[in-house]
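**Q** entry-v5.csv (CSV, C-alpha atoms) pasted underneath:
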```csv
chain,number,residue,atom,x,y,z
N,27,MET,CA,0.0,0.0,0.0
N,28,SER,CA,2.8,2.4,0.8
N,29,GLY,CA,4.0,2.4,-2.8
N,30,ASP,CA,0.8,3.4,-4.5
N,31,HIS,CA,0.0,6.8,-5.9
N,32,GLY,CA,-2.6,7.8,-3.3
N,33,SER,CA,-0.3,7.0,-0.4
N,34,SER,CA,2.6,8.9,-1.9
N,35,VAL,CA,0.4,11.9,-2.4
N,36,ILE,CA,-0.8,12.0,1.1
N,37,SER,CA,2.7,11.2,2.4
N,38,ALA,CA,4.1,14.3,0.6
N,39,HIS,CA,1.1,16.3,1.9
N,40,VAL,CA,1.7,15.3,5.5
N,41,ARG,CA,5.4,16.2,5.2
N,42,GLU,CA,4.4,19.6,3.8
N,43,VAL,CA,2.1,20.3,6.6
N,44,GLU,CA,4.7,19.3,9.1
N,45,ALA,CA,7.3,21.6,7.5
N,46,LEU,CA,4.8,24.5,7.6
N,47,LEU,CA,4.1,23.9,11.3
N,48,GLU,CA,7.8,23.8,12.1
N,49,GLU,CA,8.2,27.1,10.3
N,50,ARG,CA,5.4,28.6,12.5
N,51,GLY,CA,6.9,27.3,15.7
N,52,LEU,CA,4.2,24.8,16.4
N,53,LEU,CA,6.3,21.7,16.0
N,54,ASP,CA,9.9,21.1,17.2
N,55,ASP,CA,12.5,19.5,15.0
N,56,GLY,CA,12.4,15.8,15.7
N,57,GLU,CA,9.2,16.0,17.8
N,58,ILE,CA,7.2,13.7,15.4
N,59,ASP,CA,9.8,11.0,15.5
N,60,ARG,CA,10.1,11.2,19.2
N,61,ARG,CA,6.3,10.9,19.6
N,62,ILE,CA,6.2,7.9,17.3
N,63,ASP,CA,9.0,6.2,19.3
N,64,GLU,CA,7.1,7.0,22.6
N,65,PHE,CA,3.9,5.5,21.2
N,66,ALA,CA,5.7,2.4,20.0
N,67,ALA,CA,7.1,1.9,23.5
N,68,GLY,CA,3.7,2.5,25.2
N,69,GLY,CA,0.6,0.4,25.7
N,70,SER,CA,0.2,-3.1,24.4
N,71,PRO,CA,-2.2,-6.0,25.0
N,72,ALA,CA,0.4,-7.4,27.4
N,73,ASN,CA,-0.7,-4.7,29.9
N,74,GLY,CA,-4.3,-5.8,29.7
N,75,ALA,CA,-3.3,-9.4,29.9
N,76,ARG,CA,-1.4,-8.7,33.1
N,77,VAL,CA,-4.4,-7.1,34.7
N,78,VAL,CA,-6.5,-10.1,33.8
N,79,ALA,CA,-4.0,-12.6,35.1
N,80,ARG,CA,-3.9,-10.8,38.4
N,81,ALA,CA,-7.7,-10.7,38.6
N,82,TRP,CA,-7.7,-14.5,38.0
N,83,VAL,CA,-5.3,-15.3,40.8
N,84,ASP,CA,-6.3,-12.6,43.3
N,85,PRO,CA,-10.1,-12.4,44.0
N,86,GLY,CA,-9.6,-9.3,46.1
N,87,PHE,CA,-7.9,-7.5,43.2
N,88,ALA,CA,-10.7,-8.7,40.9
N,89,GLU,CA,-13.3,-7.2,43.2
N,90,ARG,CA,-11.5,-3.9,43.4
N,91,LEU,CA,-10.9,-3.9,39.6
N,92,LEU,CA,-14.6,-4.4,38.8
N,93,ALA,CA,-15.6,-1.8,41.4
N,94,ASP,CA,-13.2,1.0,40.4
N,95,ALA,CA,-10.7,0.0,37.7
N,96,ASN,CA,-8.9,3.4,37.7
N,97,ALA,CA,-8.1,3.0,41.4
N,98,ALA,CA,-7.1,-0.6,41.1
N,99,LEU,CA,-4.7,-0.3,38.1
N,100,PRO,CA,-1.8,1.2,40.1
N,101,GLU,CA,-1.7,-2.1,42.0
N,102,VAL,CA,-0.2,-3.7,38.9
N,103,GLY,CA,1.8,-0.5,37.9
N,104,LEU,CA,-0.6,0.7,35.3
N,105,SER,CA,-2.8,3.8,34.9
N,106,MET,CA,-5.2,5.4,32.4
N,107,SER,CA,-3.5,8.8,32.5
N,108,GLY,CA,-0.8,8.2,29.9
N,109,GLY,CA,-2.7,9.5,27.0
N,110,LEU,CA,-4.0,13.0,26.0
N,111,GLN,CA,-6.5,13.0,28.9
N,112,GLU,CA,-7.2,10.5,31.7
N,113,GLN,CA,-10.2,8.3,30.9
N,114,ARG,CA,-12.5,6.4,33.1
N,115,LEU,CA,-12.0,2.7,32.8
N,116,LYS,CA,-14.8,0.1,33.5
N,117,VAL,CA,-13.7,-3.5,33.6
N,118,VAL,CA,-16.4,-6.1,33.1
N,119,ALA,CA,-15.9,-9.9,33.7
N,120,ASN,CA,-17.3,-12.7,31.7
N,121,SER,CA,-19.1,-15.5,33.6
N,122,ALA,CA,-20.9,-18.7,32.9
N,123,THR,CA,-24.0,-16.8,32.1
N,124,GLU,CA,-22.8,-13.5,30.7
N,125,HIS,CA,-20.4,-12.5,27.9
N,126,HIS,CA,-19.2,-8.9,27.4
N,127,VAL,CA,-18.0,-7.3,24.2
N,128,VAL,CA,-16.8,-3.7,23.6
N,129,VAL,CA,-17.3,-1.3,20.7
N,130,CYS,CA,-17.1,2.4,20.0
N,131,THR,CA,-20.0,2.9,17.7
N,132,LEU,CA,-19.2,6.6,17.1
N,133,CYS,CA,-15.5,6.4,16.4
N,134,SER,CA,-12.7,4.3,17.9
N,135,CYS,CA,-12.5,4.9,21.6
N,136,TYR,CA,-10.4,2.2,23.2
N,137,PRO,CA,-8.2,1.8,26.3
N,138,ILE,CA,-4.9,2.3,24.4
N,139,ALA,CA,-2.9,2.3,27.7
N,140,LEU,CA,-4.0,-1.3,28.4
N,141,LEU,CA,-4.4,-2.7,24.9
N,142,GLY,CA,-2.1,-0.6,22.6
N,143,PRO,CA,-3.4,0.7,19.3
N,144,SER,CA,-6.7,-0.8,18.2
N,145,PRO,CA,-7.0,-3.2,15.2
N,146,SER,CA,-8.6,-1.9,12.0
N,147,TRP,CA,-11.6,-4.2,12.4
N,148,TYR,CA,-12.4,-2.5,15.7
N,149,LYS,CA,-12.5,0.9,13.9
N,150,SER,CA,-14.4,-0.3,10.9
N,151,GLU,CA,-18.0,0.8,10.2
N,152,ALA,CA,-18.7,-2.9,9.7
N,153,TYR,CA,-17.9,-3.9,13.3
N,154,ARG,CA,-19.3,-0.6,14.8
N,155,SER,CA,-22.6,-0.9,13.0
N,156,ARG,CA,-23.3,-4.6,13.5
N,157,VAL,CA,-22.0,-5.6,16.9
N,158,VAL,CA,-24.8,-3.6,18.6
N,159,ARG,CA,-27.5,-5.0,16.4
N,160,ASP,CA,-26.4,-8.6,16.2
N,161,PRO,CA,-23.7,-9.3,18.7
N,162,ARG,CA,-24.2,-13.1,18.6
N,163,GLY,CA,-23.8,-13.2,14.9
N,164,VAL,CA,-20.7,-11.0,15.0
N,165,LEU,CA,-19.2,-13.2,17.7
N,166,ARG,CA,-19.9,-16.3,15.7
N,167,GLU,CA,-17.9,-14.8,12.8
N,168,PHE,CA,-15.0,-14.3,15.2
N,169,GLY,CA,-15.3,-18.0,16.1
N,170,VAL,CA,-17.1,-17.4,19.4
N,171,GLU,CA,-20.1,-19.7,19.6
N,172,LEU,CA,-22.0,-19.0,22.9
N,173,PRO,CA,-24.8,-21.0,24.3
N,174,ALA,CA,-28.2,-19.5,23.5
N,175,ALA,CA,-28.8,-18.9,27.2
N,176,THR,CA,-25.6,-16.8,27.6
N,177,ARG,CA,-26.5,-13.2,28.0
N,178,ILE,CA,-24.4,-10.8,25.8
N,179,SER,CA,-23.7,-7.3,27.0
N,180,VAL,CA,-22.3,-4.8,24.5
N,181,TRP,CA,-20.4,-1.8,26.0
N,182,ASP,CA,-20.3,1.3,23.8
N,183,ALA,CA,-17.1,3.3,24.7
N,184,SER,CA,-17.0,7.1,24.6
N,185,ALA,CA,-14.5,9.9,24.8
N,186,GLU,CA,-14.5,9.7,28.6
N,187,SER,CA,-15.3,6.1,29.3
N,188,ARG,CA,-13.3,3.0,28.1
N,189,TYR,CA,-14.0,-0.7,28.7
N,190,MET,CA,-12.0,-3.8,29.1
N,191,VAL,CA,-13.2,-7.4,29.4
N,192,VAL,CA,-11.9,-10.0,31.9
N,193,PRO,CA,-12.3,-13.3,30.0
N,194,ARG,CA,-13.2,-16.5,31.9
N,195,ARG,CA,-10.2,-18.3,33.2
N,196,PRO,CA,-9.7,-21.4,31.1
N,197,GLU,CA,-10.2,-24.8,32.8
N,198,GLY,CA,-7.1,-26.8,33.7
N,199,THR,CA,-4.9,-23.7,34.3
N,200,GLU,CA,-4.8,-24.0,38.1
N,201,ALA,CA,-1.1,-24.8,38.1
N,202,LEU,CA,0.0,-22.0,35.9
N,203,SER,CA,1.9,-19.0,37.2
N,204,GLU,CA,0.5,-15.5,36.9
N,205,ASP,CA,2.9,-14.7,34.0
N,206,ALA,CA,1.9,-17.9,32.2
N,207,LEU,CA,-1.8,-17.0,32.7
N,208,ALA,CA,-1.2,-13.6,31.2
N,209,GLY,CA,0.3,-15.3,28.2
N,210,LEU,CA,-3.0,-17.0,27.5
N,211,VAL,CA,-4.9,-13.7,27.1
N,212,SER,CA,-5.3,-12.2,23.7
N,213,ARG,CA,-6.2,-8.7,22.5
N,214,LYS,CA,-9.5,-10.1,21.2
N,215,GLY,CA,-10.2,-11.7,24.6
N,216,LEU,CA,-9.8,-8.2,26.2
N,217,ILE,CA,-12.3,-6.7,23.7
N,218,GLY,CA,-14.7,-9.7,24.0
N,219,THR,CA,-14.4,-11.0,20.4
N,220,ALA,CA,-12.5,-14.1,21.7
N,221,LEU,CA,-13.2,-16.3,24.7
N,222,VAL,CA,-9.7,-15.7,26.2
M,13,MET,CA,-29.8,14.8,13.6
M,14,ALA,CA,-27.3,11.9,13.6
M,15,ARG,CA,-24.0,12.4,11.8
M,16,VAL,CA,-22.5,9.9,9.4
M,17,ASN,CA,-20.2,8.5,12.1
M,18,ASP,CA,-23.2,7.4,14.2
M,19,VAL,CA,-23.4,3.9,12.5
M,20,GLY,CA,-24.5,1.8,15.5
M,21,GLY,CA,-27.2,-0.5,14.3
M,22,MET,CA,-27.0,0.6,10.7
M,23,ALA,CA,-27.4,-2.2,8.1
M,24,GLY,CA,-25.5,-2.7,4.8
M,25,PHE,CA,-21.9,-2.3,5.6
M,26,PRO,CA,-19.5,-4.9,4.2
M,27,PRO,CA,-18.4,-7.9,6.3
M,28,ILE,CA,-15.9,-7.4,9.2
M,29,VAL,CA,-12.4,-8.2,8.0
M,30,GLU,CA,-9.6,-9.2,10.3
M,31,GLU,CA,-6.1,-8.5,9.3
M,32,PRO,CA,-3.7,-11.1,10.7
M,33,ASP,CA,-0.5,-9.6,12.3
M,34,GLU,CA,-1.7,-6.1,11.6
M,35,PRO,CA,1.1,-3.5,12.1
M,36,ARG,CA,0.5,-0.5,14.3
M,37,PHE,CA,0.6,1.7,11.2
M,38,HIS,CA,0.2,0.6,7.6
M,39,SER,CA,2.6,3.3,6.3
M,40,ASP,CA,4.9,5.9,7.6
M,41,TRP,CA,2.6,8.8,7.0
M,42,GLU,CA,0.0,7.3,9.2
M,43,ALA,CA,2.4,7.3,12.1
M,44,HIS,CA,3.2,10.9,11.3
M,45,VAL,CA,-0.4,11.9,11.3
M,46,PHE,CA,-0.9,10.2,14.6
M,47,ALA,CA,2.1,12.0,16.2
M,48,LEU,CA,1.2,15.3,14.6
M,49,ASN,CA,-2.3,15.2,16.1
M,50,GLY,CA,-0.9,14.5,19.6
M,51,ALA,CA,1.6,17.3,19.2
M,52,LEU,CA,-1.0,19.9,18.2
M,53,ILE,CA,-3.4,18.8,21.0
M,54,ARG,CA,-0.6,19.0,23.6
M,55,ARG,CA,0.3,22.4,22.4
M,56,GLY,CA,-3.3,23.5,22.8
M,57,VAL,CA,-3.8,24.4,19.1
M,58,TYR,CA,-7.1,22.5,19.5
M,59,ASN,CA,-8.5,19.9,21.9
M,60,LEU,CA,-9.5,16.3,21.6
M,61,ASP,CA,-13.2,17.1,21.4
M,62,GLU,CA,-12.6,19.6,18.6
M,63,PHE,CA,-10.6,17.0,16.8
M,64,ARG,CA,-13.3,14.3,17.1
M,65,ASP,CA,-15.9,16.8,16.0
M,66,ALA,CA,-13.9,17.7,13.0
M,67,ILE,CA,-13.8,14.1,11.9
M,68,GLU,CA,-17.5,13.6,12.6
M,69,ARG,CA,-18.7,16.6,10.6
M,70,MET,CA,-16.8,15.5,7.4
M,71,PRO,CA,-19.2,15.3,4.5
M,72,PRO,CA,-20.7,11.7,4.6
M,73,GLN,CA,-19.4,10.6,1.2
M,74,GLU,CA,-15.9,11.7,2.2
M,75,TYR,CA,-16.1,10.2,5.6
M,76,LEU,CA,-17.1,6.8,4.3
M,77,ALA,CA,-14.5,6.9,1.5
M,78,SER,CA,-11.6,7.8,3.7
M,79,SER,CA,-9.3,5.4,5.6
M,80,TYR,CA,-9.0,5.9,9.4
M,81,TYR,CA,-5.9,8.1,9.3
M,82,GLU,CA,-7.1,9.9,6.2
M,83,LYS,CA,-10.0,11.1,8.4
M,84,TRP,CA,-7.5,12.2,11.0
M,85,PHE,CA,-5.5,14.2,8.5
M,86,THR,CA,-8.6,15.8,7.1
M,87,ALA,CA,-9.6,16.8,10.6
M,88,ILE,CA,-6.1,18.2,11.4
M,89,THR,CA,-6.1,20.4,8.3
M,90,THR,CA,-9.7,21.5,8.8
M,91,LEU,CA,-8.8,22.7,12.3
M,92,LEU,CA,-5.5,24.3,11.3
M,93,VAL,CA,-7.5,26.5,8.9
M,94,GLU,CA,-10.3,27.2,11.4
M,95,LYS,CA,-7.8,28.1,14.1
M,96,GLY,CA,-6.1,30.5,11.8
M,97,VAL,CA,-2.7,28.6,11.8
M,98,ALA,CA,-2.7,28.4,8.0
M,99,THR,CA,-4.9,29.1,5.1
M,100,ALA,CA,-6.7,26.5,3.0
M,101,GLU,CA,-4.4,27.4,0.1
M,102,GLU,CA,-1.3,26.7,2.2
M,103,LEU,CA,-2.7,23.4,3.3
M,104,ALA,CA,-3.9,22.2,-0.2
M,105,VAL,CA,-2.8,18.8,-1.6
M,106,PRO,CA,0.7,19.3,-3.1
M,107,ASP,CA,-0.4,17.9,-6.5
M,108,ASP,CA,-3.0,20.7,-6.8
M,109,HIS,CA,-0.2,23.2,-7.3
M,110,THR,CA,0.6,21.7,-10.7
M,111,HIS,CA,-2.9,21.9,-12.0
```
Taking this structure as input, can you express it in the form of structure tokens?

**A**
Amino acid sequence: MSGDHGSSVISAHVREVEALLEERGLLDDGEIDRRIDEFAAGGSPANGARVVARAWVDPGFAERLLADANAALPEVGLSMSGGLQEQRLKVVANSATEHHVVVCTLCSCYPIALLGPSPSWYKSEAYRSRVVRDPRGVLREFGVELPAATRISVWDASAESRYMVVPRRPEGTEALSEDALAGLVSRKGLIGTALV
Amino acid sequence: MARVNDVGGMAGFPPIVEEPDEPRFHSDWEAHVFALNGALIRRGVYNLDEFRDAIERMPPQEYLASSYYEKWFTAITTLLVEKGVATAEELAVPDDHTH
């Protein structure tokens, strides 16, 4: 994609705008590259996975996390204040009777601090439009087949409020360490489009 | 009245497509647009709500035809003009100068 005409036009355009902003003193030399590097070093789904693993092994933490995620995150060395503005985080936990899935129907709101940048499908009109109307059908397309009796809750994120899912702990993982448990958790599990 | 971005429940969009091993950015310019927006917000040129609004009031045809970071770049240039940082002519697509 990077080699096609449309992309080279916009690429040149972006560089021109950057140069103009540097001229007007609104961008420092090297600031863009520095920000890109910072972002690359920032949030990733490993953060969210770490939160989930702690919730699985520590029921007290799980309770605090579900009650007030922003207050509980510092216990695992994380926070929601790393971005442009601090956002409220609500963490919801799947159970035998309820499955949660997260969307931002209006744009692409997402807990970047805990999950890193969102995948394109999360930002697509296709996902945003359908998951609120037919969550069961959308989950099936992601390979998640839920019993008909399982209630599905869809959480619509906003500028101020972000959501993360604690998947159900897989059976047979009693002997695993917290780190090994974190390794089981996927980005889609944290959004709710996978079981773990 | 709902804006074009308010797609929740709307029918008729194409199927959801997952991209395996998707990179953070698909090309270098996308990373630049991302960083540029953060820089301008931190400098107070505009705020996050103004940025979101600038995306959401794009003409519907343009909104639906644009990729994610194309929408961001459109919003950035819209706001730079509205905030008086630069004129629309200064921010025009480079190719246009040759026409």

**Q** Identify which of the residues M:Phe63, M:Lys83, M:Ile28, M:Glu68 lies closest to Pro145 (chain N), counting only C-alpha atoms when measuring atom-to-atom distances.

**A**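 Nearest to Pro145 (chain N): M:Ile28.
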
**Q** Of the candidates N:Gly56, N:Gly68, N:Pro143, N:Pro193, which shows the shortest atom-to-atom distance to chain M, using only C-alpha atoms?

**A**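 Answer, going by the shortest atom-to-atom distance: N:Pro143.
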
**Q** Quick one, how far is CA of Tyr148 (chain N) from CA of Gly56 (chain M)?

**A**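 Separation between CA of Tyr148 (chain N) and CA of Gly56 (chain M): 28.4 Å.
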
**Q** Could you please select, counting only C-alpha atoms, the residues of chain N within 8 Å of chain M and state them as JSON, numbers by chain?

**A** {"N": [27, 28, 35, 36, 37, 38, 39, 40, 42, 43, 44, 52, 53, 57, 58, 59, 61, 62, 110, 131, 132, 133, 143, 145, 146, 147, 149, 150, 151, 152, 153, 154, 155, 156, 157, 158, 159]}

**Q** List the neighbours of region 88-91 of chain N out to 10 Å using all atoms listed in the file; skip same-chain residues closer than 4 positions along the sequence, and give me the result as a list in words.

**A**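 Near neighbours after the sequence-gap exclusion: Val77, Val78, Ala79, Arg80, Ala81, Trp82, Val83, Asp84, Ala95, Asn96, Ala97, Ala98, Leu99, Glu101, Leu115, Lys116, Val117, Val118, Ala119 and Val192 of chain N.
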
**Q** Kindly give the distance, in Å, that separates CA of Pro85 (chain N) and CA of Glu200 (chain N), rounded to a single decimal.

**A**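 Here the two named atoms are 14.1 Å from each other.
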
**Q** Please measure the separation of CA of Arg213 (chain N) and CA of Ala75 (chain N), giving the value in Å to one decimal.

**A**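 Separation between CA of Arg213 (chain N) and CA of Ala75 (chain N): 8.0 Å.
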
**Q** Write out as a VMD selection string the residues lying within 7 Å of region 181-188 of chain N, counting all atoms listed in the file and excluding same-chain residues fewer than 4 positions away.

**A** chain N and resid 113 to 116 127 to 131 135 to 137

**Q** Keeping only C-alpha atoms, take the residues you just selected and write them out as a PDB file, keeping the file's coordinate frame.

**A**
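As a result, again24.pdb now contains:
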```pdb
ATOM      1  CA  GLN N 113     -10.200   8.300  30.900  1.00  0.00           C
ATOM      2  CA  ARG N 114     -12.500   6.400  33.100  1.00  0.00           C
ATOM      3  CA  LEU N 115     -12.000   2.700  32.800  1.00  0.00           C
ATOM      4  CA  LYS N 116     -14.800   0.100  33.500  1.00  0.00           C
ATOM      5  CA  VAL N 127     -18.000  -7.300  24.200  1.00  0.00           C
ATOM      6  CA  VAL N 128     -16.800  -3.700  23.600  1.00  0.00           C
ATOM      7  CA  VAL N 129     -17.300  -1.300  20.700  1.00  0.00           C
ATOM      8  CA  CYS N 130     -17.100   2.400  20.000  1.00  0.00           C
ATOM      9  CA  THR N 131     -20.000   2.900  17.700  1.00  0.00           C
ATOM     10  CA  CYS N 135     -12.500   4.900  21.600  1.00  0.00           C
ATOM     11  CA  TYR N 136     -10.400   2.200  23.200  1.00  0.00           C
ATOM     12  CA  PRO N 137      -8.200   1.800  26.300  1.00  0.00           C
TER      13      PRO N 137
END
```

**Q** Give me, as a list in words, all polymer residues having an atom no more than 10 Å from Thr199 (chain N), counting only C-alpha atoms and skipping those fewer than 6 positions away in the same chain.

**A**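 The contact residues come out as Ala206, Leu207 and Leu210 of chain N.
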